[in-house]
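Student: Before we start, here is the structure in question, set down as structure tokens.
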Number of protein chains: 2
Amino acid sequence: MTVPRGSLILVPNTLDFGIAGAAPDVQDVLPMLVIRTAARLTHWVAENAKTTRAFLKRVDAIAPLAQPLQTLSIVELPRPQKGARGAPAADLGALLAPALQGIDLGLISEAGLPAIADPGAALVQAAHAADVNVIALPGPSSLLLALAASGLNGQSFAFVGYLPVEATERSARIRELEALSRRACQTQLMIETPYRNDALLGALLAHLQPATRLSVSCGLTMPTAFTRSDSIQGWKARPTTLPADVPAVFSLLAP
Amino acid sequence: MTVPRGSLILVPNTLDFGIAGAAPDVQDVLPMLVIRTAARLTHWVAENAKTTRAFLKRVDAIAPLAQPLQTLSIVELPRPQKGARGAPAADLGALLAPALQGIDLGLISEAGLPAIADPGAALVQAAHAADVNVIALPGPSSLLLALAASGLNGQSFAFVGYLPVEATERSARIRELEALSRRACQTQLMIETPYRNDALLGALLAHLQPATRLSVSCGLTMPTAFTRSDSIQGWKARPTTLPADVPAVFSLLAP
């Protein structure tokens, strides 16, 4: 007899991770299907077990958990090894064991959709290789909310992650992205560690052409969220200081 | 006296547009904040007025509309003119009139987030130019759900829209995207008109290298949703026919 397999269910998290102050109610940013599914799952793979428990406490307040929080299995993803980007970690097969035994397994990151600008993709790939069904539940992505709010090209866009920190490499990368954006009429999106938000904005203003459009979205889905979208010329004419404690998404489009 | 301005609120729609059969409950795919906001808005700019009314009927069943459906103002976005890509339409300023008079204005497309792989970006840009606050509400994006479910690189990815329909141009574009993916280690995402899903799959299998990974997600957030992610070699060893009546997202990553 073969046991039917469980699925790997990608569960979106809220976007308020690490932001001080009043968090939105979880049902205001996540659909009820996500909340009900999170409440019933007994086995999790997580970017961080502690923040997963905090998330599940918020879920429990709306849809009671099927099992007490302390009895849930929450296994952390192995940290990515420096220099081993893309290389599959050795023990991902073990993480999938519950699914192979017929138990649905949740995958969750600290904010937004798992496996996007976050760890988890290698586990999803391992699931496909093991013929485990993968289900992505709908939830917020700061990248696409920022893109929608930017007014920049949403028919062609790229997310390129973080820029280099070193000044010369950073300015070269900014010029490269601007050239790429111009050639392909493609919006380029990037993120930064919050305390460096202002430094990245300064570098973008220093190295992009005056007519290039730049949009910055901060603290999306939070009450204090804002998006400013303007030409580089416009940004320079009306300087803005970005918050240093809130995640931001930067988008640029060269004419 | 100056009147405080209303905001332009980007309201996500469900992803089941045009799909026959049982649609998911709207609160299962959209957060409650979206449903409550949609219920209170009296002025809309829409990709399509008819589908917006259908959406608002689903909203009304959960959160009663502030005003009867027939009394709402729903104005359609001007159709993009061929060959005028990126050129701002003349009458976008008029569409923003309610916001300038202090009334919150909703922007909605037929599926998913407005202004992404859908019209609306020019209106968002006009809002920024007129100093109208832009708020993007969280909701599902088939592109990012497909990317998360693919197991391909979520740290660097690009959405390139539709491929050319003509066979020679299409195969050249597929090879170009594969080369780009290999060079930048960047997942490339594309979409197709549903009745051509199988033709695009055939072209990708014919022109991509055996070790390139291809993921196809169909009907995301629907009960029949599925994602298959495999190497080109694997796809050829176990052929799949794609549904011709359900939107699909195709993602590729070259090693």
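Scheme for the structure tokens: letters A, B, ... for chains in order shown; per-chain residue numbers from 1; ligand numbers from 1 in order shown.
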Which polymer residues have any atom within 9 Å of an atom of segment 104-107 of chain B, counting only C-alpha atoms, with same-chain residues fewer than 4 positions away left out, as a list in words?
Tutor: Arg5, Gly6, Ser7, Leu8, Ile9, Leu10, Val11, Pro12, Thr37, Ala38, Leu41, Thr42, His43, Trp44, Val45, Ala46, Glu47, Leu96, Pro98, Ala99, Pro114, Ala115, Gly120, Leu123 and Val124 of chain B
Student: Skipping near chain neighbours, those fewer than 3 positions away, what residues fall within 12 Å of Ala94 of chain A using only C-alpha atoms, listed as a JSON list (two decimals) with N, CA and C atoms, in the first residue's frame?
Tutor:
```
[["chain", "number", "residue", "atom", "x", "y", "z"],
["A", 45, "VAL", "N", 8.10, 24.13, 7.96],
["A", 45, "VAL", "CA", 9.50, 24.48, 7.72],
["A", 45, "VAL", "C", 9.53, 26.00, 7.64],
["A", 75, "VAL", "N", 10.54, 23.32, 11.96],
["A", 75, "VAL", "CA", 11.95, 23.06, 11.67],
["A", 75, "VAL", "C", 12.48, 24.23, 10.86],
["A", 76, "GLU", "N", 13.65, 24.75, 11.25],
["A", 76, "GLU", "CA", 14.19, 25.89, 10.50],
["A", 76, "GLU", "C", 14.93, 25.43, 9.25],
["A", 77, "LEU", "N", 14.81, 26.21, 8.20],
["A", 77, "LEU", "CA", 15.59, 25.98, 6.98],
["A", 77, "LEU", "C", 17.06, 26.13, 7.29],
["A", 78, "PRO", "N", 17.92, 25.31, 6.69],
["A", 78, "PRO", "CA", 19.36, 25.53, 6.88],
["A", 78, "PRO", "C", 19.74, 26.91, 6.34],
["A", 89, "ALA", "N", 21.11, 22.22, -0.33],
["A", 89, "ALA", "CA", 21.62, 21.77, 0.96],
["A", 89, "ALA", "C", 21.38, 20.27, 1.08],
["A", 90, "ALA", "N", 22.20, 19.64, 1.92],
["A", 90, "ALA", "CA", 22.21, 18.18, 1.98],
["A", 90, "ALA", "C", 20.92, 17.61, 2.58],
["A", 91, "ASP", "N", 20.35, 18.33, 3.57],
["A", 91, "ASP", "CA", 19.30, 17.69, 4.38],
["A", 91, "ASP", "C", 17.88, 18.14, 4.00],
["A", 97, "ALA", "N", 10.16, 14.92, 4.88],
["A", 97, "ALA", "CA", 9.69, 13.62, 5.39],
["A", 97, "ALA", "C", 8.19, 13.62, 5.74],
["A", 98, "PRO", "N", 7.67, 14.64, 6.45],
["A", 98, "PRO", "CA", 6.23, 14.60, 6.77],
["A", 98, "PRO", "C", 5.37, 14.48, 5.52],
["A", 99, "ALA", "N", 5.70, 15.25, 4.47],
["A", 99, "ALA", "CA", 4.89, 15.20, 3.24],
["A", 99, "ALA", "C", 4.92, 13.80, 2.63],
["A", 100, "LEU", "N", 6.08, 13.14, 2.69],
["A", 100, "LEU", "CA", 6.18, 11.79, 2.13],
["A", 100, "LEU", "C", 5.35, 10.81, 2.95],
["A", 101, "GLN", "N", 5.08, 11.17, 4.23],
["A", 101, "GLN", "CA", 4.24, 10.33, 5.10],
["A", 101, "GLN", "C", 2.77, 10.74, 5.07],
["A", 123, "LEU", "N", 13.97, 24.17, -1.13],
["A", 123, "LEU", "CA", 13.03, 23.18, -0.60],
["A", 123, "LEU", "C", 11.88, 22.94, -1.59],
["A", 126, "ALA", "N", 13.19, 20.74, -4.22],
["A", 126, "ALA", "CA", 13.29, 19.36, -3.72],
["A", 126, "ALA", "C", 11.91, 18.70, -3.70],
["A", 127, "ALA", "N", 10.87, 19.48, -3.37],
["A", 127, "ALA", "CA", 9.51, 18.93, -3.36],
["A", 127, "ALA", "C", 9.10, 18.48, -4.76],
["A", 130, "ALA", "N", 10.72, 15.31, -5.65],
["A", 130, "ALA", "CA", 10.19, 14.15, -4.93],
["A", 130, "ALA", "C", 8.71, 13.92, -5.25]]
```
Student: At a cut-off of 8 Å, list the chain B residues touching chain A, using only C-alpha atoms, as JSON, numbers by chain.
Tutor: {"B": [10, 27, 28, 29, 30, 31, 32, 33, 34, 113, 114, 115, 116, 117, 118, 120, 121, 122, 123, 124, 125, 128, 129, 133, 134, 135, 136, 137, 138, 139, 140, 141, 144, 145, 146, 147, 148, 149, 150, 151, 152, 153, 154, 155, 156, 157, 158, 159, 160, 161, 220, 221, 225, 226, 227, 228, 229, 230]}
Student: As a short mmCIF file (atom, residue, chain, number, x, y, z; two decimals) with C-alpha atoms, in the first residue's frame, please: chain B after a least-squares superposition onto chain A using all C-alpha atoms matched in order.
Tutor:
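So the final result, stored in out26.cif, reads:
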```cif
data_model
loop_
_atom_site.label_atom_id
_atom_site.label_comp_id
_atom_site.auth_asym_id
_atom_site.auth_seq_id
_atom_site.Cartn_x
_atom_site.Cartn_y
_atom_site.Cartn_z
CA MET B 1 -0.01 -0.01 0.01
CA THR B 2 1.26 3.46 -0.81
CA VAL B 3 0.43 6.36 1.48
CA PRO B 4 -0.97 9.42 -0.35
CA ARG B 5 1.51 12.26 -0.06
CA GLY B 6 0.96 15.51 1.74
CA SER B 7 1.48 18.82 -0.05
CA LEU B 8 4.10 21.50 0.50
CA ILE B 9 1.97 24.59 1.17
CA LEU B 10 3.63 27.99 0.76
CA VAL B 11 2.05 30.20 3.43
CA PRO B 12 2.47 33.98 3.07
CA ASN B 13 3.33 35.99 6.16
CA THR B 14 2.40 39.61 6.91
CA LEU B 15 4.81 42.38 5.85
CA ASP B 16 5.21 44.01 9.28
CA PHE B 17 8.18 41.92 10.46
CA GLY B 18 10.54 43.96 12.57
CA ILE B 19 8.48 47.13 12.34
CA ALA B 20 7.80 48.80 15.68
CA GLY B 21 4.31 50.06 16.49
CA ALA B 22 0.79 48.92 15.79
CA ALA B 23 0.69 45.96 13.43
CA PRO B 24 -2.35 45.52 11.19
CA ASP B 25 -4.78 42.72 12.07
CA VAL B 26 -3.66 39.56 10.34
CA GLN B 27 -7.01 39.14 8.53
CA ASP B 28 -6.60 42.64 7.11
CA VAL B 29 -3.52 41.65 5.14
CA LEU B 30 -4.03 37.88 4.63
CA PRO B 31 -7.03 36.08 3.09
CA MET B 32 -9.11 33.80 5.32
CA LEU B 33 -7.98 30.69 3.42
CA VAL B 34 -4.42 31.43 4.52
CA ILE B 35 -5.46 31.90 8.14
CA ARG B 36 -7.56 28.71 8.18
CA THR B 37 -4.80 26.71 6.50
CA ALA B 38 -2.14 28.03 8.89
CA ALA B 39 -4.39 27.06 11.80
CA ARG B 40 -4.71 23.45 10.68
CA LEU B 41 -1.08 22.72 9.72
CA THR B 42 0.86 20.72 12.30
CA HIS B 43 4.23 20.61 10.50
CA TRP B 44 6.22 23.62 9.36
CA VAL B 45 9.50 24.47 7.73
CA ALA B 46 10.37 28.07 8.56
CA GLU B 47 12.96 30.73 7.92
CA ASN B 48 12.77 31.41 11.68
CA ALA B 49 10.93 29.31 14.28
CA LYS B 50 10.46 32.16 16.76
CA THR B 51 8.77 34.52 14.29
CA THR B 52 6.67 31.60 13.01
CA ARG B 53 5.35 31.03 16.54
CA ALA B 54 4.56 34.76 16.80
CA PHE B 55 2.68 34.53 13.49
CA LEU B 56 0.74 31.46 14.65
CA LYS B 57 -0.28 33.28 17.85
CA ARG B 58 -1.84 35.98 15.67
CA VAL B 59 -3.55 33.28 13.59
CA ASP B 60 -4.83 31.53 16.74
CA ALA B 61 -6.62 34.72 17.82
CA ILE B 62 -8.79 34.44 14.67
CA ALA B 63 -8.88 30.72 13.85
CA PRO B 64 -7.96 28.43 16.77
CA LEU B 65 -4.93 26.24 16.03
CA ALA B 66 -5.69 22.53 15.50
CA GLN B 67 -3.00 21.66 18.06
CA PRO B 68 -1.39 23.64 20.88
CA LEU B 69 1.45 25.81 19.61
CA GLN B 70 4.07 24.00 21.71
CA THR B 71 3.21 20.64 20.11
CA LEU B 72 3.68 21.82 16.51
CA SER B 73 6.73 20.69 14.57
CA ILE B 74 8.61 23.79 13.35
CA VAL B 75 11.95 23.05 11.67
CA GLU B 76 14.20 25.87 10.51
CA LEU B 77 15.58 25.98 6.97
CA PRO B 78 19.35 25.54 6.88
CA ARG B 79 21.10 28.92 6.58
CA PRO B 80 22.42 29.49 3.07
CA GLN B 81 26.19 28.92 2.99
CA LYS B 82 28.29 31.78 1.67
CA GLY B 83 29.60 31.04 -1.79
CA ALA B 84 27.29 28.06 -2.21
CA ARG B 85 24.46 30.02 -3.84
CA GLY B 86 22.08 27.72 -5.65
CA ALA B 87 23.71 24.55 -4.31
CA PRO B 88 21.06 22.33 -2.71
CA ALA B 89 21.61 21.76 1.01
CA ALA B 90 22.19 18.15 2.00
CA ASP B 91 19.27 17.68 4.37
CA LEU B 92 16.34 19.11 2.40
CA GLY B 93 15.04 15.60 1.76
CA ALA B 94 14.71 15.09 5.52
CA LEU B 95 12.65 18.28 5.80
CA LEU B 96 10.14 16.82 3.34
CA ALA B 97 9.67 13.62 5.37
CA PRO B 98 6.23 14.59 6.77
CA ALA B 99 4.88 15.19 3.24
CA LEU B 100 6.18 11.79 2.13
CA GLN B 101 4.24 10.33 5.09
CA GLY B 102 1.01 12.01 4.00
CA ILE B 103 1.14 15.11 6.22
CA ASP B 104 0.71 18.59 4.71
CA LEU B 105 3.77 20.71 5.37
CA GLY B 106 3.79 24.52 5.60
CA LEU B 107 6.68 26.68 4.37
CA ILE B 108 6.84 30.21 5.78
CA SER B 109 9.34 33.06 5.81
CA GLU B 110 9.59 36.08 8.09
CA ALA B 111 7.61 38.36 5.77
CA GLY B 112 5.63 38.08 2.56
CA LEU B 113 5.74 35.11 0.19
CA PRO B 114 8.23 32.35 0.98
CA ALA B 115 11.00 31.65 -1.57
CA ILE B 116 10.86 35.18 -3.04
CA ALA B 117 13.65 37.49 -1.87
CA ASP B 118 13.76 34.99 0.98
CA PRO B 119 15.00 31.41 1.52
CA GLY B 120 12.92 28.37 0.61
CA ALA B 121 13.31 27.92 -3.16
CA ALA B 122 15.65 24.93 -2.74
CA LEU B 123 13.03 23.17 -0.60
CA VAL B 124 10.34 23.85 -3.22
CA GLN B 125 12.66 22.45 -5.87
CA ALA B 126 13.28 19.36 -3.73
CA ALA B 127 9.51 18.93 -3.36
CA HIS B 128 9.03 18.94 -7.15
CA ALA B 129 11.88 16.43 -7.50
CA ALA B 130 10.17 14.15 -4.94
CA ASP B 131 6.77 14.51 -6.65
CA VAL B 132 5.34 16.38 -3.68
CA ASN B 133 2.51 18.70 -4.74
CA VAL B 134 3.34 22.39 -4.23
CA ILE B 135 0.54 24.86 -3.40
CA ALA B 136 1.20 28.61 -3.20
CA LEU B 137 -1.40 30.46 -1.12
CA PRO B 138 -2.16 34.07 -2.09
CA GLY B 139 -0.64 36.82 0.05
CA PRO B 140 1.10 40.17 -0.01
CA SER B 141 4.39 40.79 -1.79
CA SER B 142 6.09 44.08 -0.99
CA LEU B 143 7.83 43.91 -4.39
CA LEU B 144 4.66 43.82 -6.44
CA LEU B 145 2.77 46.27 -4.23
CA ALA B 146 5.67 48.69 -4.67
CA LEU B 147 5.67 48.12 -8.43
CA ALA B 148 1.90 48.71 -8.69
CA ALA B 149 2.17 51.87 -6.58
CA SER B 150 5.14 53.20 -8.59
CA GLY B 151 3.27 53.85 -11.83
CA LEU B 152 6.36 52.53 -13.65
CA ASN B 153 6.23 49.81 -16.30
CA GLY B 154 4.34 46.77 -14.95
CA GLN B 155 4.42 44.94 -18.31
CA SER B 156 8.16 44.28 -18.02
CA PHE B 157 10.09 44.39 -14.75
CA ALA B 158 12.96 42.73 -12.91
CA PHE B 159 13.84 42.28 -9.26
CA VAL B 160 17.60 42.32 -8.74
CA GLY B 161 17.87 42.02 -4.93
CA TYR B 162 20.51 44.05 -3.10
CA LEU B 163 23.09 46.34 -4.73
CA PRO B 164 26.76 46.05 -3.77
CA VAL B 165 27.65 48.00 -0.61
CA GLU B 166 31.09 49.18 -1.79
CA ALA B 167 30.75 52.66 -3.35
CA THR B 168 32.50 52.09 -6.71
CA GLU B 169 30.80 48.75 -7.32
CA ARG B 170 27.48 50.25 -6.30
CA SER B 171 27.67 53.20 -8.69
CA ALA B 172 28.73 50.86 -11.53
CA ARG B 173 25.76 48.59 -10.78
CA ILE B 174 23.34 51.55 -10.69
CA ARG B 175 24.54 52.67 -14.13
CA GLU B 176 24.29 49.11 -15.43
CA LEU B 177 20.70 48.78 -14.20
CA GLU B 178 19.78 52.15 -15.73
CA ALA B 179 21.21 51.09 -19.10
CA LEU B 180 19.37 47.77 -18.90
CA SER B 181 16.13 49.53 -17.99
CA ARG B 182 16.49 51.91 -20.95
CA ARG B 183 17.34 49.15 -23.44
CA ALA B 184 14.51 46.80 -22.43
CA CYS B 185 12.00 49.44 -21.19
CA GLN B 186 12.09 47.33 -18.01
CA THR B 187 11.46 48.57 -14.46
CA GLN B 188 14.29 47.47 -12.14
CA LEU B 189 13.37 46.78 -8.51
CA MET B 190 15.80 46.49 -5.60
CA ILE B 191 15.74 46.34 -1.80
CA GLU B 192 18.10 47.46 0.96
CA THR B 193 18.66 46.80 4.65
CA PRO B 194 16.47 49.48 6.31
CA TYR B 195 19.29 51.37 8.06
CA ARG B 196 20.92 51.86 4.64
CA ASN B 197 17.72 53.12 2.92
CA ASP B 198 18.90 56.72 2.89
CA ALA B 199 22.39 55.79 1.67
CA LEU B 200 20.91 53.87 -1.27
CA LEU B 201 18.60 56.78 -2.10
CA GLY B 202 21.61 59.11 -2.07
CA ALA B 203 23.58 56.84 -4.39
CA LEU B 204 20.63 56.52 -6.82
CA LEU B 205 20.17 60.31 -6.90
CA ALA B 206 23.90 60.79 -7.46
CA HIS B 207 24.31 58.32 -10.31
CA LEU B 208 21.01 58.16 -12.27
CA GLN B 209 20.20 60.53 -15.14
CA PRO B 210 17.86 63.49 -14.39
CA ALA B 211 14.97 62.11 -16.50
CA THR B 212 15.08 58.57 -15.05
CA ARG B 213 12.08 57.84 -12.85
CA LEU B 214 12.61 56.55 -9.30
CA SER B 215 9.91 55.25 -6.97
CA VAL B 216 10.39 54.38 -3.30
CA SER B 217 7.77 52.54 -1.24
CA CYS B 218 8.23 52.28 2.54
CA GLY B 219 6.37 50.19 5.12
CA LEU B 220 3.77 48.82 2.69
CA THR B 221 0.50 47.56 4.28
CA MET B 222 1.37 49.52 7.46
CA PRO B 223 -0.63 52.60 8.51
CA THR B 224 2.46 54.75 7.81
CA ALA B 225 3.05 53.34 4.30
CA PHE B 226 3.98 55.77 1.57
CA THR B 227 5.15 55.71 -2.04
CA ARG B 228 6.95 58.57 -3.73
CA SER B 229 7.48 58.31 -7.50
CA ASP B 230 9.20 61.10 -9.39
CA SER B 231 12.01 61.86 -11.84
CA ILE B 232 15.53 62.11 -10.40
CA GLN B 233 15.28 65.83 -11.13
CA GLY B 234 12.05 65.98 -9.08
CA TRP B 235 13.58 64.04 -6.18
CA LYS B 236 16.52 66.46 -6.09
CA ALA B 237 14.23 69.50 -6.15
CA ARG B 238 12.27 68.21 -3.14
CA PRO B 239 14.56 66.07 -0.94
CA THR B 240 13.05 63.29 1.21
CA THR B 241 14.59 61.48 4.18
CA LEU B 242 13.65 57.79 4.30
CA PRO B 243 12.86 56.01 7.58
CA ALA B 244 15.79 53.84 8.77
CA ASP B 245 13.63 51.24 10.53
CA VAL B 246 11.15 50.23 7.83
CA PRO B 247 11.76 48.05 4.75
CA ALA B 248 11.73 49.94 1.45
CA VAL B 249 11.49 48.87 -2.18
CA PHE B 250 13.25 51.00 -4.81
CA SER B 251 12.11 50.93 -8.48
CA LEU B 252 13.69 52.72 -11.41
CA LEU B 253 12.75 53.15 -15.05
CA ALA B 254 14.95 54.95 -17.58
CA PRO B 255 13.16 56.73 -20.46
#
```
Student: Using the chain letters and numbers from this document, which residues of segment 23-115 of chain A does DSSP assign to strand (DSSP E or B), as a PyMOL selection string?
Tutor: chain A and resi 43-46+73-76+105-108+112
Student: Can you list, as a ChimeraX atom specification, all residues belonging to segment 13-154 of chain A that DSSP tags as alpha helix (DSSP H)?
Tutor: /A:26-29,32-40,49-60,92-95,97-100,121-129,142-150
Student: Now that the selection is made, can you save its residues with C-alpha atoms as an mmCIF file, in the first residue's frame?
Tutor:
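Final file, out_24.cif:
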```
data_model
loop_
_atom_site.group_PDB
_atom_site.id
_atom_site.type_symbol
_atom_site.label_atom_id
_atom_site.label_comp_id
_atom_site.auth_asym_id
_atom_site.auth_seq_id
_atom_site.Cartn_x
_atom_site.Cartn_y
_atom_site.Cartn_z
ATOM 1 C CA VAL A 26 -3.659 39.572 10.347
ATOM 2 C CA GLN A 27 -7.010 39.143 8.542
ATOM 3 C CA ASP A 28 -6.604 42.640 7.107
ATOM 4 C CA VAL A 29 -3.525 41.643 5.131
ATOM 5 C CA MET A 32 -9.107 33.803 5.333
ATOM 6 C CA LEU A 33 -7.986 30.694 3.427
ATOM 7 C CA VAL A 34 -4.412 31.434 4.518
ATOM 8 C CA ILE A 35 -5.468 31.887 8.132
ATOM 9 C CA ARG A 36 -7.558 28.704 8.187
ATOM 10 C CA THR A 37 -4.793 26.720 6.499
ATOM 11 C CA ALA A 38 -2.133 28.037 8.888
ATOM 12 C CA ALA A 39 -4.393 27.060 11.801
ATOM 13 C CA ARG A 40 -4.707 23.449 10.660
ATOM 14 C CA ALA A 49 10.933 29.320 14.283
ATOM 15 C CA LYS A 50 10.443 32.171 16.759
ATOM 16 C CA THR A 51 8.758 34.542 14.296
ATOM 17 C CA THR A 52 6.681 31.609 13.006
ATOM 18 C CA ARG A 53 5.347 31.040 16.538
ATOM 19 C CA ALA A 54 4.551 34.770 16.797
ATOM 20 C CA PHE A 55 2.667 34.528 13.479
ATOM 21 C CA LEU A 56 0.744 31.458 14.642
ATOM 22 C CA LYS A 57 -0.291 33.279 17.836
ATOM 23 C CA ARG A 58 -1.862 35.977 15.665
ATOM 24 C CA VAL A 59 -3.555 33.276 13.588
ATOM 25 C CA ASP A 60 -4.820 31.524 16.741
ATOM 26 C CA LEU A 92 16.342 19.115 2.412
ATOM 27 C CA GLY A 93 15.057 15.600 1.770
ATOM 28 C CA ALA A 94 14.712 15.103 5.537
ATOM 29 C CA LEU A 95 12.642 18.296 5.815
ATOM 30 C CA ALA A 97 9.688 13.625 5.385
ATOM 31 C CA PRO A 98 6.233 14.599 6.770
ATOM 32 C CA ALA A 99 4.889 15.199 3.240
ATOM 33 C CA LEU A 100 6.179 11.791 2.134
ATOM 34 C CA ALA A 121 13.301 27.926 -3.156
ATOM 35 C CA ALA A 122 15.643 24.939 -2.732
ATOM 36 C CA LEU A 123 13.034 23.176 -0.597
ATOM 37 C CA VAL A 124 10.347 23.859 -3.216
ATOM 38 C CA GLN A 125 12.651 22.438 -5.879
ATOM 39 C CA ALA A 126 13.291 19.361 -3.718
ATOM 40 C CA ALA A 127 9.511 18.927 -3.359
ATOM 41 C CA HIS A 128 9.038 18.932 -7.140
ATOM 42 C CA ALA A 129 11.888 16.429 -7.488
ATOM 43 C CA SER A 142 6.083 44.079 -0.994
ATOM 44 C CA LEU A 143 7.832 43.917 -4.389
ATOM 45 C CA LEU A 144 4.655 43.809 -6.453
ATOM 46 C CA LEU A 145 2.776 46.267 -4.224
ATOM 47 C CA ALA A 146 5.669 48.688 -4.660
ATOM 48 C CA LEU A 147 5.673 48.125 -8.418
ATOM 49 C CA ALA A 148 1.900 48.720 -8.683
ATOM 50 C CA ALA A 149 2.174 51.875 -6.577
ATOM 51 C CA SER A 150 5.141 53.197 -8.584
#
```
